[in-house]
file upload-v1.tsv (TSV, C-alpha atoms)
chain	number	residue	atom	x	y	z
A	1	MET	CA	0.00	0.00	0.00
A	2	VAL	CA	1.25	3.47	-0.87
A	3	ILE	CA	0.73	6.04	1.88
A	4	ASP	CA	0.99	9.75	1.13
A	5	PHE	CA	1.41	10.89	4.71
A	6	HIS	CA	0.59	14.56	4.10
A	7	THR	CA	-0.88	16.17	1.02
A	8	HIS	CA	-3.01	19.15	0.06
A	9	ARG	CA	-4.35	17.52	-3.10
A	10	PRO	CA	-6.94	14.83	-3.83
A	11	THR	CA	-5.44	11.39	-3.29
A	12	PRO	CA	-5.06	9.22	-6.41
A	13	THR	CA	-6.72	5.82	-6.55
A	14	GLY	CA	-4.68	3.25	-4.67
A	15	VAL	CA	-3.00	5.78	-2.39
A	16	PHE	CA	-3.98	6.15	1.26
A	17	THR	CA	-3.80	9.56	2.93
A	18	PRO	CA	-4.69	9.92	6.62
A	19	ARG	CA	-7.32	12.41	7.69
A	20	SER	CA	-6.09	15.31	9.73
A	21	PHE	CA	-7.43	18.59	11.00
A	22	GLY	CA	-5.67	21.60	12.42
A	23	VAL	CA	-5.03	25.32	12.19
A	24	HIS	CA	-1.92	26.07	10.16
A	25	PRO	CA	0.46	28.59	11.77
A	26	TRP	CA	0.03	30.99	8.83
A	27	LYS	CA	-3.70	31.14	9.65
A	28	SER	CA	-3.36	31.20	13.44
A	29	HIS	CA	-4.37	34.87	13.65
A	30	LEU	CA	-7.44	34.32	11.44
A	31	LEU	CA	-8.90	31.05	12.69
A	32	SER	CA	-9.83	29.82	16.14
A	33	VAL	CA	-9.03	26.30	17.28
A	34	PRO	CA	-12.41	24.57	17.65
A	35	PRO	CA	-13.24	23.05	21.04
A	36	ILE	CA	-12.52	19.37	21.55
A	37	ASP	CA	-16.18	18.38	21.19
A	38	ASP	CA	-16.50	20.05	17.77
A	39	VAL	CA	-17.42	17.75	14.88
A	40	CYS	CA	-14.19	18.68	13.02
A	41	TRP	CA	-12.17	16.49	15.41
A	42	GLN	CA	-14.33	13.41	14.83
A	43	GLY	CA	-12.78	10.71	12.69
A	44	VAL	CA	-9.38	12.36	12.28
A	45	ASP	CA	-6.20	10.33	12.43
A	46	PHE	CA	-3.90	13.25	13.27
A	47	VAL	CA	-4.01	16.79	14.61
A	48	GLY	CA	-2.45	19.23	12.18
A	49	GLU	CA	-0.84	20.45	10.24
A	50	CYS	CA	-0.06	22.93	12.99
A	51	GLY	CA	3.10	24.42	14.39
A	52	LEU	CA	5.51	27.32	14.10
A	53	ASP	CA	7.02	29.31	11.23
A	54	ARG	CA	9.40	32.22	11.90
A	55	CYS	CA	9.41	33.14	8.19
A	56	LYS	CA	5.71	34.03	8.06
A	57	HIS	CA	3.24	36.16	9.94
A	58	PRO	CA	1.55	36.26	12.41
A	59	SER	CA	3.97	36.71	15.31
A	60	ILE	CA	5.57	33.66	16.87
A	61	ASP	CA	3.63	34.35	20.10
A	62	VAL	CA	0.30	34.12	18.25
A	63	GLN	CA	1.45	30.94	16.52
A	64	MET	CA	2.61	29.38	19.79
A	65	ALA	CA	-0.74	30.07	21.48
A	66	CYS	CA	-2.62	28.44	18.61
A	67	PHE	CA	-0.21	25.50	18.49
A	68	GLU	CA	-0.52	24.94	22.24
A	69	LYS	CA	-4.33	24.71	22.05
A	70	GLN	CA	-3.98	22.00	19.41
A	71	LEU	CA	-1.36	20.11	21.42
A	72	ILE	CA	-3.77	20.00	24.37
A	73	ILE	CA	-6.49	18.57	22.11
A	74	ALA	CA	-4.06	16.03	20.62
A	75	GLU	CA	-3.13	14.80	24.09
A	76	LYS	CA	-6.76	14.57	25.22
A	77	LEU	CA	-7.69	12.64	22.05
A	78	SER	CA	-4.44	10.62	22.05
A	79	LEU	CA	-3.64	11.70	18.49
A	80	THR	CA	-0.30	12.13	16.77
A	81	VAL	CA	0.51	15.71	15.73
A	82	VAL	CA	1.56	16.71	12.19
A	83	VAL	CA	3.96	19.61	12.71
A	84	HIS	CA	4.86	22.46	10.37
A	85	CYS	CA	8.15	23.93	11.56
A	86	VAL	CA	10.29	26.53	9.79
A	87	ARG	CA	13.24	28.12	11.59
A	88	ALA	CA	11.57	27.54	14.94
A	89	PHE	CA	13.05	24.27	16.13
A	90	ASP	CA	14.27	25.85	19.38
A	91	SER	CA	10.69	26.84	20.28
A	92	LEU	CA	9.39	23.49	19.06
A	93	LEU	CA	11.75	21.57	21.35
A	94	ALA	CA	10.83	23.80	24.29
A	95	MET	CA	7.13	23.06	23.72
A	96	ARG	CA	7.85	19.34	23.37
A	97	LYS	CA	9.08	19.27	26.97
A	98	GLN	CA	5.63	20.36	28.11
A	99	TYR	CA	3.55	18.34	25.62
A	100	GLY	CA	5.14	14.96	25.17
A	101	ALA	CA	2.30	12.49	25.57
A	102	THR	CA	1.70	11.79	21.87
A	103	PRO	CA	4.03	11.43	18.89
A	104	TRP	CA	4.88	14.48	16.78
A	105	ILE	CA	5.89	14.26	13.13
A	106	VAL	CA	7.61	17.18	11.41
A	107	HIS	CA	6.28	16.96	7.87
A	108	GLY	CA	8.23	18.07	4.82
A	109	PHE	CA	11.51	17.69	6.68
A	110	VAL	CA	14.48	19.10	4.73
A	111	GLY	CA	17.10	19.08	7.48
A	112	GLY	CA	20.18	16.98	7.86
A	113	VAL	CA	20.98	13.92	9.92
A	114	GLN	CA	22.14	15.91	12.96
A	115	GLN	CA	18.82	17.74	13.19
A	116	ALA	CA	16.87	14.50	12.69
A	117	VAL	CA	18.85	12.92	15.53
A	118	GLN	CA	18.16	15.91	17.79
A	119	LEU	CA	14.44	15.66	17.05
A	120	ALA	CA	14.44	11.90	17.64
A	121	GLU	CA	16.01	12.47	21.06
A	122	HIS	CA	12.82	14.41	21.89
A	123	LYS	CA	10.62	11.72	20.33
A	124	ILE	CA	9.83	13.89	17.32
A	125	LEU	CA	9.66	12.00	14.03
A	126	VAL	CA	10.00	13.29	10.48
A	127	SER	CA	8.33	12.82	7.10
A	128	ILE	CA	10.17	13.52	3.85
A	129	GLY	CA	8.62	14.93	0.71
A	130	ALA	CA	9.44	16.13	-2.78
A	131	ALA	CA	12.81	17.60	-1.75
A	132	LEU	CA	14.04	14.02	-2.07
A	133	LEU	CA	13.61	14.27	-5.85
A	134	ASP	CA	16.25	16.99	-6.12
A	135	GLU	CA	19.69	15.36	-6.34
A	136	ARG	CA	21.26	18.58	-5.03
A	137	ARG	CA	19.40	18.20	-1.71
A	138	THR	CA	22.04	15.88	-0.29
A	139	LYS	CA	21.11	16.62	3.34
A	140	VAL	CA	17.61	15.26	2.75
A	141	ARG	CA	18.95	12.19	1.00
A	142	ASP	CA	21.45	11.59	3.83
A	143	THR	CA	18.60	11.89	6.34
A	144	LEU	CA	16.55	9.37	4.36
A	145	LEU	CA	19.42	6.89	4.46
A	146	TYR	CA	19.96	7.53	8.17
A	147	LEU	CA	16.28	6.88	8.94
A	148	GLY	CA	16.12	3.70	6.89
A	149	SER	CA	13.01	2.30	5.28
A	150	LYS	CA	11.57	1.08	8.59
A	151	ARG	CA	11.37	4.56	10.23
A	152	LEU	CA	10.14	6.51	7.25
A	153	LEU	CA	7.07	8.40	6.09
A	154	LEU	CA	6.84	9.97	2.64
A	155	GLU	CA	4.55	12.76	1.44
A	156	THR	CA	3.75	15.15	-1.39
A	157	ASP	CA	2.50	18.13	0.70
A	158	ASP	CA	1.69	20.92	-1.79
A	159	SER	CA	4.59	20.15	-4.15
A	160	GLY	CA	2.69	18.86	-7.16
A	161	ALA	CA	4.99	15.82	-7.18
A	162	ASP	CA	3.60	12.32	-7.64
A	163	ILE	CA	3.90	10.15	-4.52
A	164	SER	CA	4.90	7.15	-6.64
A	165	GLU	CA	7.92	9.12	-7.92
A	166	ILE	CA	8.95	9.89	-4.34
A	167	TYR	CA	8.56	6.19	-3.40
A	168	HIS	CA	10.62	5.08	-6.41
A	169	THR	CA	13.38	7.57	-5.61
A	170	ALA	CA	13.51	6.40	-1.98
A	171	ALA	CA	13.53	2.71	-2.96
A	172	SER	CA	16.33	3.37	-5.44
A	173	LEU	CA	18.41	5.20	-2.81
A	174	PHE	CA	17.91	2.31	-0.40
A	175	GLY	CA	18.56	-0.28	-3.09
A	176	ILE	CA	15.39	-2.19	-2.22
A	177	PRO	CA	12.30	-3.22	-4.22
A	178	ILE	CA	9.40	-0.78	-4.15
A	179	ALA	CA	7.16	-3.45	-2.59
A	180	LYS	CA	9.54	-3.75	0.38
A	181	LEU	CA	9.52	0.02	0.87
A	182	GLU	CA	5.72	0.11	0.72
A	183	SER	CA	5.52	-2.67	3.31
A	184	ASP	CA	8.06	-1.03	5.63
A	185	ILE	CA	6.29	2.35	5.49
A	186	GLU	CA	2.88	0.77	6.07
A	187	THR	CA	4.19	-1.16	9.09
A	188	TYR	CA	5.75	2.00	10.52
A	189	TYR	CA	2.60	4.02	9.86
A	190	ARG	CA	0.53	1.45	11.77
A	191	THR	CA	2.62	2.14	14.88
A	192	LEU	CA	1.51	5.79	14.69
A	193	SER	CA	-2.16	5.35	13.79
A	194	CYS	CA	-4.63	2.51	13.81
A	195	ASN	CA	-6.32	3.70	10.60
A	196	VAL	CA	-5.06	2.07	7.41

call {"tool": "encode", "arguments": {"input": "upload-v1.tsv", "output": "structure tokens"}}
result
Amino acid sequence: MVIDFHTHRPTPTGVFTPRSFGVHPWKSHLLSVPPIDDVCWQGVDFVGECGLDRCKHPSIDVQMACFEKQLIIAEKLSLTVVVHCVRAFDSLLAMRKQYGATPWIVHGFVGGVQQAVQLAEHKILVSIGAALLDERRTKVRDTLLYLGSKRLLLETDDSGADISEIYHTAASLFGIPIAKLESDIETYYRTLSCNV
């Protein structure tokens, strides 16, 4: 089974994409986080994408307040959090110390191995997207190889890339058949969510 962990586009036939709901940090000054009993939280697999982005408005304080409300909901509902994080990993790690009851996954990760290791030490996982297709993005490819096929999630996000191309690139870098990669990712995904 092919899993596109995080996408903003309709999912092609034969591809599974988990359901998630959250207030993106770019919208955290425009939208309120619905209360936990709101219908929007029913049937979701993950909370998010939510998080912190120092390159966009609103202020980091507004983003942190919005993010914190969603972390509280994630913990009450025992849901994994899909995290958007841009140049705010220091703040992210500080918040993780307070909200550590459920897994967090930084989607669209483009950092290197050292940053992936630091996140893992705080039980923060990563998902890799279309950056993997660019041969010049060696840090991302090194991170992929560090993670291995058994600790990996792949995604398209809003890239326009085809998830099958990302899977094929990853399988080629690992030197394994595509079916093995699909199986490994599905097994790993099942440890994070019961919905497949």

call {"tool": "atom_distance", "arguments": {"input": "upload-v1.tsv", "atom1": "CA of Thr156 in chain A", "atom2": "CA of Ala130 in chain A"}}
result
5.9 Å

call {"tool": "residues_around", "arguments": {"input": "upload-v1.tsv", "residues": "Ala65 in chain A", "least_positions_apart": "3", "cutoff": "10 Å", "atoms": "all atoms listed in the file", "output": "PyMOL selection string"}}
result
chain A and resi 25+28-29+51+60-62+68-71

call {"tool": "residues_around", "arguments": {"input": "upload-v1.tsv", "residues": "range 37-42 of chain A", "least_positions_apart": "3", "cutoff": "12 Å", "atoms": "only C-alpha atoms", "output": "ChimeraX atom specification"}}
result
/A:19-23,32-34,45-48,70,73-74,76-79

call {"tool": "residues_around", "arguments": {"input": "upload-v1.tsv", "residues": "Gly108 in chain A", "least_positions_apart": "4", "cutoff": "7 Å", "atoms": "all atoms listed in the file", "output": "JSON, numbers by chain"}}
result
{"A": [127, 128, 129]}

call {"tool": "closest_residue", "arguments": {"input": "upload-v1.tsv", "among": "A:Cys50, A:Val126, A:Leu31, A:Val44", "to": "Ser193 in chain A", "atoms": "only C-alpha atoms"}}
result
A:Val44

call {"tool": "atom_distance", "arguments": {"input": "upload-v1.tsv", "atom1": "CA of Val110 in chain A", "atom2": "CA of Phe5 in chain A"}}
result
15.4 Å

call {"tool": "residues_around", "arguments": {"input": "upload-v1.tsv", "residues": "Gln118 in chain A", "least_positions_apart": "5", "cutoff": "10 Å", "atoms": "only C-alpha atoms", "output": "list in words"}}
result
Phe89, Leu93, Val113, Lys123 and Ile124 of chain A

call {"tool": "atom_distance", "arguments": {"input": "upload-v1.tsv", "atom1": "CA of Asp142 in chain A", "atom2": "CA of Ile166 in chain A"}}
result
15.0 Å

call {"tool": "closest_residue", "arguments": {"input": "upload-v1.tsv", "among": "A:Met1, A:Glu186, A:Lys27, A:Asp157", "to": "Leu52 in chain A", "atoms": "all atoms listed in the file"}}
result
A:Lys27

call {"tool": "residues_around", "arguments": {"input": "upload-v1.tsv", "residues": "Trp104 in chain A", "least_positions_apart": "3", "cutoff": "9 Å", "atoms": "all atoms listed in the file", "output": "MDAnalysis selection string"}}
result
chainID A and resid 80:83 96 100 123:126

call {"tool": "closest_residue", "arguments": {"input": "upload-v1.tsv", "among": "A:Trp26, A:Phe174, A:Tyr188, A:Tyr167", "to": "Lys150 in chain A", "atoms": "only C-alpha atoms"}}
result
A:Tyr188

call {"tool": "closest_residue", "arguments": {"input": "upload-v1.tsv", "among": "A:His122, A:Tyr146, A:Ser172, A:Asp184", "to": "Ala101 in chain A", "atoms": "only C-alpha atoms"}}
result
A:His122

call {"tool": "residues_near_point", "arguments": {"input": "upload-v1.tsv", "point": "(4.3, 0.7, 8.5)", "cutoff": "10 Å", "atoms": "only C-alpha atoms", "output": "PDB file with C-alpha atoms, in the coordinates of the input"}}
result
ATOM      1  CA  MET A   1       0.000   0.000   0.000  1.00  0.00           C
ATOM      2  CA  ILE A   3       0.730   6.040   1.880  1.00  0.00           C
ATOM      3  CA  SER A 149      13.010   2.300   5.280  1.00  0.00           C
ATOM      4  CA  LYS A 150      11.570   1.080   8.590  1.00  0.00           C
ATOM      5  CA  ARG A 151      11.370   4.560  10.230  1.00  0.00           C
ATOM      6  CA  LEU A 152      10.140   6.510   7.250  1.00  0.00           C
ATOM      7  CA  LEU A 153       7.070   8.400   6.090  1.00  0.00           C
ATOM      8  CA  LEU A 181       9.520   0.020   0.870  1.00  0.00           C
ATOM      9  CA  GLU A 182       5.720   0.110   0.720  1.00  0.00           C
ATOM     10  CA  SER A 183       5.520  -2.670   3.310  1.00  0.00           C
ATOM     11  CA  ASP A 184       8.060  -1.030   5.630  1.00  0.00           C
ATOM     12  CA  ILE A 185       6.290   2.350   5.490  1.00  0.00           C
ATOM     13  CA  GLU A 186       2.880   0.770   6.070  1.00  0.00           C
ATOM     14  CA  THR A 187       4.190  -1.160   9.090  1.00  0.00           C
ATOM     15  CA  TYR A 188       5.750   2.000  10.520  1.00  0.00           C
ATOM     16  CA  TYR A 189       2.600   4.020   9.860  1.00  0.00           C
ATOM     17  CA  ARG A 190       0.530   1.450  11.770  1.00  0.00           C
ATOM     18  CA  THR A 191       2.620   2.140  14.880  1.00  0.00           C
ATOM     19  CA  LEU A 192       1.510   5.790  14.690  1.00  0.00           C
ATOM     20  CA  SER A 193      -2.160   5.350  13.790  1.00  0.00           C
ATOM     21  CA  VAL A 196      -5.060   2.070   7.410  1.00  0.00           C
TER      22      VAL A 196
END

call {"tool": "axis_aligned_box", "arguments": {"input": "upload-v1.tsv", "around": "range 180-187 of chain A", "padding_each_side": "3 Å", "output": "JSON"}}
result
{"center_x": 6.2, "center_y": -0.7, "center_z": 4.7, "size_x": 12.7, "size_y": 12.1, "size_z": 14.7}

call {"tool": "closest_residue", "arguments": {"input": "upload-v1.tsv", "among": "A:Cys55, A:Val117, A:Ala179, A:Ile163", "to": "Thr17 in chain A", "atoms": "all atoms listed in the file"}}
result
A:Ile163

call {"tool": "build_atoms", "arguments": {"input": "upload-v1.tsv", "residues": "range 72-85 of chain A", "atoms": "N, CA, C and O atoms", "output": "CSV table (one decimal), in the coordinates of the input"}}
result
chain,number,residue,atom,x,y,z
A,72,ILE,N,-2.9,20.4,23.3
A,72,ILE,CA,-3.8,20.0,24.4
A,72,ILE,C,-4.8,19.1,23.8
A,72,ILE,O,-5.1,18.0,24.4
A,73,ILE,N,-5.5,19.4,22.7
A,73,ILE,CA,-6.5,18.6,22.1
A,73,ILE,C,-5.9,17.2,21.7
A,73,ILE,O,-6.5,16.2,21.9
A,74,ALA,N,-4.7,17.3,21.1
A,74,ALA,CA,-4.1,16.0,20.6
A,74,ALA,C,-3.8,15.1,21.8
A,74,ALA,O,-4.1,13.9,21.7
A,75,GLU,N,-3.4,15.6,22.9
A,75,GLU,CA,-3.1,14.8,24.1
A,75,GLU,C,-4.4,14.3,24.7
A,75,GLU,O,-4.5,13.1,25.0
A,76,LYS,N,-5.5,15.1,24.7
A,76,LYS,CA,-6.8,14.6,25.2
A,76,LYS,C,-7.4,13.5,24.3
A,76,LYS,O,-8.0,12.6,24.8
A,77,LEU,N,-7.1,13.6,23.0
A,77,LEU,CA,-7.7,12.6,22.0
A,77,LEU,C,-6.7,11.5,21.7
A,77,LEU,O,-7.0,10.6,20.9
A,78,SER,N,-5.5,11.6,22.3
A,78,SER,CA,-4.4,10.6,22.0
A,78,SER,C,-4.1,10.5,20.6
A,78,SER,O,-4.0,9.4,20.0
A,79,LEU,N,-3.9,11.7,19.9
A,79,LEU,CA,-3.6,11.7,18.5
A,79,LEU,C,-2.2,12.2,18.2
A,79,LEU,O,-1.8,13.1,18.9
A,80,THR,N,-1.6,11.7,17.2
A,80,THR,CA,-0.3,12.1,16.8
A,80,THR,C,-0.5,13.5,16.1
A,80,THR,O,-1.5,13.8,15.5
A,81,VAL,N,0.6,14.3,16.2
A,81,VAL,CA,0.5,15.7,15.7
A,81,VAL,C,1.4,15.8,14.5
A,81,VAL,O,2.5,15.4,14.5
A,82,VAL,N,0.8,16.4,13.4
A,82,VAL,CA,1.6,16.7,12.2
A,82,VAL,C,2.0,18.1,12.3
A,82,VAL,O,1.2,19.1,12.4
A,83,VAL,N,3.4,18.3,12.4
A,83,VAL,CA,4.0,19.6,12.7
A,83,VAL,C,4.6,20.3,11.5
A,83,VAL,O,5.3,19.7,10.7
A,84,HIS,N,4.2,21.6,11.3
A,84,HIS,CA,4.9,22.5,10.4
A,84,HIS,C,5.9,23.3,11.2
A,84,HIS,O,5.5,23.9,12.1
A,85,CYS,N,7.1,23.2,10.8
A,85,CYS,CA,8.2,23.9,11.6
A,85,CYS,C,9.2,24.5,10.6
A,85,CYS,O,9.9,23.8,9.9
